Amino acid sequence: MVCEMGLALESTNDKGRFYMSAVKGIWKGYERYDFTVNGREALVVSPKEAAPGNPWVWRAEFFDAFSQVDMALLEQGWHLAYCNVSDMYGSPEAIELMHPFHLHVCSTFGLAEKPSIFGFSRGGLYAVNYALKYPESVSSLYLDAPVLDLRSWPGGNGKADQYKKEWEECLQTYRLTEEQFAQFRESPLDRVAELAALQIPVILVVGDADEDVPFLDNGHPFAERFAANGGEIEVIVKPGVAHHPHSLDDPTPVAEFIQRVFYSESETESIGAEWDIMSANAAKRIVFLGDSITDDGTYISYLDAFFRQHFAEQPYTFINLGVSSETASGLSEPDHPFPRPCIHERLERALSESRPDWTVICYGMNDGIYYPFSEERFAAYRDGMDRLIEAVRATGSKVIVMTPPPFDAPSLSGATLLPEGEEKYSYLTPFTRYDDVLERYAEWVLGLEAAVDAVIAIREPLLHYIAERKKLQFRLPLRRRHSSRCRRPLGHCTGAP
Amino acid sequence: MFQQKVEQGADAWPIYPLVYERHRLLSAAWKEHVGHTNENKAEALPLDVAIQQSELLERQIQELLQSYP
């Protein structure tokens with residue numbers, strides 16, 4: 001499986017030195033690094049190109065078994081990682097062995113702080129117990145036919161028989177006698193309420209004919225209690241399926257759940273991190289520049305209300321200077337009822353009057369003027385944004401740039417979508433694939449990190465949000481989703497002039 | 001946490017209607033105070049008047065914040 005090449009990389013930095021002690025190989029066409037952490041065998045598989053934020057999957061047990069979701073995410077830029085702590089049944093000792101591995105791969109491979117932990121079968125013990133011990137270090141849990149009660153497995157105190165060898169091993173690793181175990185209340189099932197309070201979303205995949213780790217003794221009570229205690233959980237039950245095969249033929253629902261959680265958190269943390277910086281600097285005036293998405297004011301009001309409730313001790317002022325139809329590029333489509341306003345026409349006065357400590361910038365939706373992509377229009381957008389950032393920075397203000405939100409053509413009402421090749425387009429007759437243009441603009445904005453104080457990637461979370469809202473997929477009784485009430489946290493996020 | 005709160009229903013937060021009202025009052029005033037070339041002008045109070053009026057809303061928001069945990 002692993003082609004041991006024993007490559008020694010030439011880099012002299014810390015990462016390079018680490019790689020020199022690892023064995024680099026190729027696994028299913030991807031680079032794989034095998035190494036040890038505190039004497040435990042470990043590995044990381046790298047994607048061809050890492051997804052934004054360097055997300056990763058941590059297989060708590062059984063690496064490469066029923067790996068449909070792992071592979072789907074790997075293909076989409078997620079790293080895979082595994083550390084061998086087998087036969088320890090998620091005991092406190094095992095959890096303490098897992099943590100140095102976690103820290104090690106984050107620092108060495110630059111991975112995100114919060115992985116999605118996969119708990120297959122007895123791996124469920126490790127996944128849940130790790131989340132309970134290090135909740136700040138876990139994005140989501142994917143539990144698949146998981147063991148969640150040691151009494152059930154390997155104990156055999158339910159619908160399954162006892163697994164004698166594993167039971168003895170389990171008692172030994174927990175350092176308990178049979179008598180002491182009767183009083184043991186530290187299985188994941190005993191701590192569901194505690195886990196739910198940590199707000200780590202969980203997706204559970206189970207077969208309802210599992211006789212080895214019975215659903216009714218493990219996943220079912222776990223999901224019921226977790227949901228009852230306010231936890232976010234999705235449950236996918238496979239009718240008539242036993243312990244094996246794990247996972248799903250089509251891993252999409254699980255992969256999408258994990259991605260949605262990760263990217264939702266990234267956005268939140270980005271805002272939270274910036275707020276920490278702002279607090280430290282006693283910043284008080286936060287000015288928003290943008291088009292109708294900003295002018296609408298909904299997302300700024302949400303921020304305002306949120307900070308009043310959760311950061312009441314910090315004084316601040318949000319100033320919304322968004323103007324509908326505005327651009328950073330100065331472009332305007334011929335059929336627009338009046339030449340589009342451009343931020344540069346009012347920028348000097350806007351900055352001198354509002355005197356921002358922080359300036360949040362969000363342009364792009366109107367800058368492609370609803371035409372297909374062109375290098376000329378793209379250059380005008382980049383130039384307008386570069387000049388805007390430079391002017392704001394010259395005032396001493398910090399700069400936060402948001403990617404343009406997506407353009408959701410199917411949701412438009414009153415507009416006629418036009419195919420490629422038309423002579424003219426406008427916000428009332430936009431190019432049907434105008435979102436392709438915004439995708440390129442957003443990609444460029446993401447690359448501005450070195451030029452600004454923060455970049456907030458709102459495109460991907462909104463795409464996920466829109467996709468979720470459109471889904472009409474089956475829902476199981478325990479599946480709990482966010483409310484489907486229509487809200488527009490980013491105003492005209494589906495596209496408007 | 002922010003996104004979760006929003007998805008749980010930001011517009012149902014007790015203070016939200018007042019925060020939004022205050023926001024609209026001030027943002028319209030700020031926009032017209034700075035000036036712009038969109039032909040559609042917002043109905044706006046002069047900025048100093050809007051700031052004065054916003055103080056009443058601010059007091060109501062603070063009272064509401066004190067009234068629930």
# chains A, B, ... in the order shown; residues from 1 in each chain; ligands from 1
>>> residues_around(residues="stretch 46-58 of chain B", least_positions_apart="2", cutoff="9 Å", atoms="only C-alpha atoms", output="ChimeraX atom specification")
/B:18-19,21-23,25-26,28-30,32-33,44,60-63
>>> write_last_selection(atoms="C-alpha atoms", output="short mmCIF file (atom, residue, chain, number, x, y, z; two decimals), in the first residue's frame")
data_model
loop_
_atom_site.label_atom_id
_atom_site.label_comp_id
_atom_site.auth_asym_id
_atom_site.auth_seq_id
_atom_site.Cartn_x
_atom_site.Cartn_y
_atom_site.Cartn_z
CA LEU B 18 -34.65 48.34 17.74
CA VAL B 19 -31.08 47.78 16.58
CA GLU B 21 -34.40 50.70 13.33
CA ARG B 22 -31.45 52.60 14.81
CA HIS B 23 -29.22 51.28 12.06
CA LEU B 25 -31.94 55.86 10.86
CA LEU B 26 -28.20 56.40 11.13
CA ALA B 28 -29.42 56.83 5.78
CA ALA B 29 -28.17 59.97 7.49
CA TRP B 30 -24.54 58.98 7.16
CA GLU B 32 -26.48 61.40 2.55
CA HIS B 33 -24.12 63.31 4.82
CA ALA B 44 -32.63 60.92 5.65
CA GLN B 60 -34.51 51.45 24.81
CA ILE B 61 -31.97 48.90 23.59
CA GLN B 62 -29.98 49.18 26.81
CA GLU B 63 -33.14 48.77 28.91
#
>>> select_by_dssp(residues="stretch 19-95 of chain A", states="strand (DSSP E or B)", output="short mmCIF file (atom, residue, chain, number, x, y, z; two decimals) with N, CA and C atoms, in the first residue's frame")
data_model
loop_
_atom_site.label_atom_id
_atom_site.label_comp_id
_atom_site.auth_asym_id
_atom_site.auth_seq_id
_atom_site.Cartn_x
_atom_site.Cartn_y
_atom_site.Cartn_z
N VAL A 23 8.70 9.16 6.42
CA VAL A 23 8.83 8.39 5.18
C VAL A 23 7.77 8.88 4.23
N LYS A 24 8.22 9.35 3.10
CA LYS A 24 7.27 9.87 2.12
C LYS A 24 6.94 8.78 1.12
N GLY A 25 5.69 8.62 0.86
CA GLY A 25 5.27 7.60 -0.09
C GLY A 25 4.09 8.09 -0.90
N ILE A 26 3.62 7.24 -1.75
CA ILE A 26 2.44 7.56 -2.55
C ILE A 26 1.34 6.59 -2.17
N TRP A 27 0.20 7.12 -1.88
CA TRP A 27 -0.94 6.31 -1.46
C TRP A 27 -2.16 6.72 -2.29
N TYR A 30 -1.83 9.92 -3.91
CA TYR A 30 -1.60 11.12 -3.10
C TYR A 30 -0.32 10.94 -2.27
N GLU A 31 0.31 12.07 -1.93
CA GLU A 31 1.51 12.00 -1.09
C GLU A 31 1.11 11.61 0.33
N ARG A 32 1.88 10.67 0.89
CA ARG A 32 1.59 10.22 2.25
C ARG A 32 2.88 10.27 3.06
N TYR A 33 2.77 10.76 4.27
CA TYR A 33 3.92 10.84 5.16
C TYR A 33 3.67 9.96 6.37
N ASP A 34 4.56 9.01 6.60
CA ASP A 34 4.48 8.14 7.78
C ASP A 34 5.56 8.55 8.77
N PHE A 35 5.18 8.64 10.02
CA PHE A 35 6.12 9.11 11.04
C PHE A 35 5.64 8.60 12.39
N THR A 36 6.31 8.98 13.44
CA THR A 36 5.85 8.60 14.77
C THR A 36 5.77 9.84 15.64
N VAL A 37 4.83 9.83 16.56
CA VAL A 37 4.70 10.90 17.56
C VAL A 37 4.66 10.20 18.92
N ARG A 40 4.10 6.57 18.74
CA ARG A 40 2.89 6.03 18.09
C ARG A 40 2.99 6.23 16.58
N GLU A 41 2.67 5.19 15.84
CA GLU A 41 2.69 5.31 14.38
C GLU A 41 1.63 6.31 13.94
N ALA A 42 2.00 7.12 12.99
CA ALA A 42 1.06 8.16 12.53
C ALA A 42 1.29 8.41 11.05
N LEU A 43 0.30 9.03 10.43
CA LEU A 43 0.44 9.35 9.01
C LEU A 43 -0.42 10.54 8.64
N VAL A 44 -0.01 11.18 7.58
CA VAL A 44 -0.80 12.27 6.98
C VAL A 44 -0.80 12.06 5.47
N VAL A 45 -1.95 12.15 4.87
CA VAL A 45 -2.07 12.11 3.41
C VAL A 45 -2.44 13.51 2.94
N SER A 46 -1.69 14.00 1.96
CA SER A 46 -1.91 15.37 1.49
C SER A 46 -2.74 15.38 0.22
N TRP A 56 -8.95 19.22 7.63
CA TRP A 56 -8.48 17.82 7.63
C TRP A 56 -9.42 16.88 8.37
N VAL A 57 -9.29 15.63 7.98
CA VAL A 57 -10.05 14.55 8.59
C VAL A 57 -9.11 13.77 9.49
N TRP A 58 -9.56 13.49 10.67
CA TRP A 58 -8.76 12.66 11.59
C TRP A 58 -9.52 11.35 11.80
N ARG A 59 -8.96 10.29 11.22
CA ARG A 59 -9.54 8.98 11.41
C ARG A 59 -9.10 8.45 12.78
N HIS A 79 -6.84 17.23 4.01
CA HIS A 79 -5.83 16.27 4.41
C HIS A 79 -6.51 15.13 5.18
N LEU A 80 -5.87 13.96 5.16
CA LEU A 80 -6.30 12.85 6.02
C LEU A 80 -5.19 12.57 7.02
N ALA A 81 -5.56 12.24 8.25
CA ALA A 81 -4.53 11.96 9.25
C ALA A 81 -4.99 10.82 10.16
N TYR A 82 -4.02 10.13 10.69
CA TYR A 82 -4.32 8.98 11.55
C TYR A 82 -3.16 8.77 12.51
N CYS A 83 -3.48 8.42 13.74
CA CYS A 83 -2.46 8.08 14.73
C CYS A 83 -2.92 6.79 15.41
#
>>> residues_around(residues="stretch 433-448 of chain A", least_positions_apart="2", cutoff="8 Å", atoms="only C-alpha atoms", output="short mmCIF file (atom, residue, chain, number, x, y, z; two decimals) with C-alpha atoms, in the first residue's frame")
data_model
loop_
_atom_site.label_atom_id
_atom_site.label_comp_id
_atom_site.auth_asym_id
_atom_site.auth_seq_id
_atom_site.Cartn_x
_atom_site.Cartn_y
_atom_site.Cartn_z
CA GLY A 364 -17.64 42.85 -6.74
CA MET A 365 -21.30 42.06 -7.33
CA GLY A 368 -18.54 42.66 -13.57
CA TYR A 370 -23.43 41.34 -15.23
CA TYR A 371 -21.42 40.49 -18.38
CA PRO A 372 -19.40 37.34 -19.04
CA PHE A 373 -15.83 37.45 -17.75
CA PHE A 378 -11.40 42.17 -14.14
CA VAL A 401 -12.00 42.77 2.79
CA MET A 402 -14.93 40.46 2.16
CA THR A 403 -15.21 38.33 -0.96
CA PRO A 404 -18.21 39.16 -3.12
CA PRO A 405 -21.12 36.85 -2.32
CA PRO A 406 -22.37 34.40 -4.97
CA PHE A 407 -24.82 35.30 -7.71
CA ASP A 408 -27.65 32.79 -7.56
CA ALA A 409 -29.23 33.15 -10.99
CA PRO A 419 -26.57 33.23 -22.67
CA PRO A 430 -27.61 39.33 -16.63
CA PHE A 431 -25.32 36.71 -18.08
CA ALA A 450 -0.81 40.13 2.53
CA ALA A 451 -2.19 43.54 1.57
CA VAL A 452 -4.93 43.84 4.19
CA VAL A 455 -9.97 38.65 4.40
CA ILE A 456 -13.39 37.21 5.13
CA ALA A 457 -14.44 34.44 2.76
CA ARG A 459 -18.68 33.09 -0.81
#
>>> closest_residue(among="A:Asp249, A:Glu186, A:Glu449, A:Glu348", to="A:Gln68", atoms="only C-alpha atoms")
A:Asp249
>>> atom_distance(atom1="atom CA of A:Ile300", atom2="atom CA of B:Tyr20")
8.9 Å
>>> interface_residues(of="chain A", to="chain B", cutoff="8 Å", atoms="only C-alpha atoms", output="VMD selection string")
chain A and resid 264 to 265 267 to 268 297 to 298 301 to 306 309 319 to 326 338 340 to 342 345 to 346 349 to 350 353 482 to 483 489
>>> write_last_selection(atoms="C-alpha atoms", output="short mmCIF file (atom, residue, chain, number, x, y, z; two decimals), in the first residue's frame")
data_model
loop_
_atom_site.label_atom_id
_atom_site.label_comp_id
_atom_site.auth_asym_id
_atom_site.auth_seq_id
_atom_site.Cartn_x
_atom_site.Cartn_y
_atom_site.Cartn_z
CA SER A 264 -19.24 28.11 8.91
CA GLU A 265 -16.78 28.03 11.78
CA GLU A 267 -16.13 32.54 8.99
CA THR A 268 -17.15 32.89 12.61
CA GLY A 297 -27.74 46.82 6.33
CA THR A 298 -29.03 43.44 7.42
CA SER A 301 -27.46 45.01 12.08
CA TYR A 302 -26.95 41.35 12.92
CA LEU A 303 -23.35 42.10 13.87
CA ASP A 304 -24.45 45.11 15.89
CA ALA A 305 -27.07 43.11 17.81
CA PHE A 306 -24.69 40.20 18.29
CA GLN A 309 -25.42 40.89 23.46
CA ILE A 319 -21.19 53.07 10.40
CA ASN A 320 -22.84 51.80 7.24
CA LEU A 321 -21.65 53.72 4.19
CA GLY A 322 -22.86 51.23 1.60
CA VAL A 323 -24.48 52.67 -1.52
CA SER A 324 -26.70 50.64 -3.81
CA SER A 325 -25.43 50.09 -7.38
CA GLU A 326 -21.93 51.17 -6.43
CA PHE A 338 -27.87 56.10 -14.50
CA ARG A 340 -23.26 53.48 -11.55
CA PRO A 341 -21.81 55.32 -8.58
CA CYS A 342 -18.19 54.53 -7.80
CA GLU A 345 -16.09 59.56 -6.19
CA ARG A 346 -16.82 59.91 -2.46
CA ARG A 349 -15.05 62.57 2.21
CA ALA A 350 -16.32 59.21 3.46
CA GLU A 353 -16.05 62.22 7.98
CA HIS A 482 -31.24 24.80 10.92
CA SER A 483 -34.50 26.58 10.54
CA PRO A 489 -27.94 37.75 6.37
#
>>> residues_around(residues="A:Val287", least_positions_apart="5", cutoff="10 Å", atoms="only C-alpha atoms", output="JSON, numbers by chain")
{"A": [317, 318, 319, 320, 321, 322, 350, 351, 354, 355, 356, 357, 358, 359, 360, 361, 397, 399]}
>>> write_last_selection(atoms="C-alpha atoms", output="CSV table (one decimal), in the first residue's frame")
chain,number,residue,atom,x,y,z
A,317,THR,CA,-19.9,52.2,16.5
A,318,PHE,CA,-20.9,50.6,13.3
A,319,ILE,CA,-21.2,53.1,10.4
A,320,ASN,CA,-22.8,51.8,7.2
A,321,LEU,CA,-21.7,53.7,4.2
A,322,GLY,CA,-22.9,51.2,1.6
A,350,ALA,CA,-16.3,59.2,3.5
A,351,LEU,CA,-13.1,58.5,5.2
A,354,SER,CA,-16.3,58.7,9.4
A,355,ARG,CA,-12.7,58.4,10.7
A,356,PRO,CA,-12.7,54.6,10.8
A,357,ASP,CA,-10.5,52.5,13.1
A,358,TRP,CA,-11.5,49.6,11.0
A,359,THR,CA,-12.9,49.6,7.5
A,360,VAL,CA,-14.8,46.6,6.0
A,361,ILE,CA,-14.9,46.5,2.2
A,397,SER,CA,-7.5,52.4,9.4
A,399,VAL,CA,-8.7,47.0,6.4
>>> residues_around(residues="A:Ile95", least_positions_apart="2", cutoff="12 Å", atoms="only C-alpha atoms", output="ChimeraX atom specification")
/A:60,83-86,88-93,97-102,123,125-134,174
>>> atom_distance(atom1="atom CA of A:Ala193", atom2="atom CA of A:Leu141")
15.3 Å
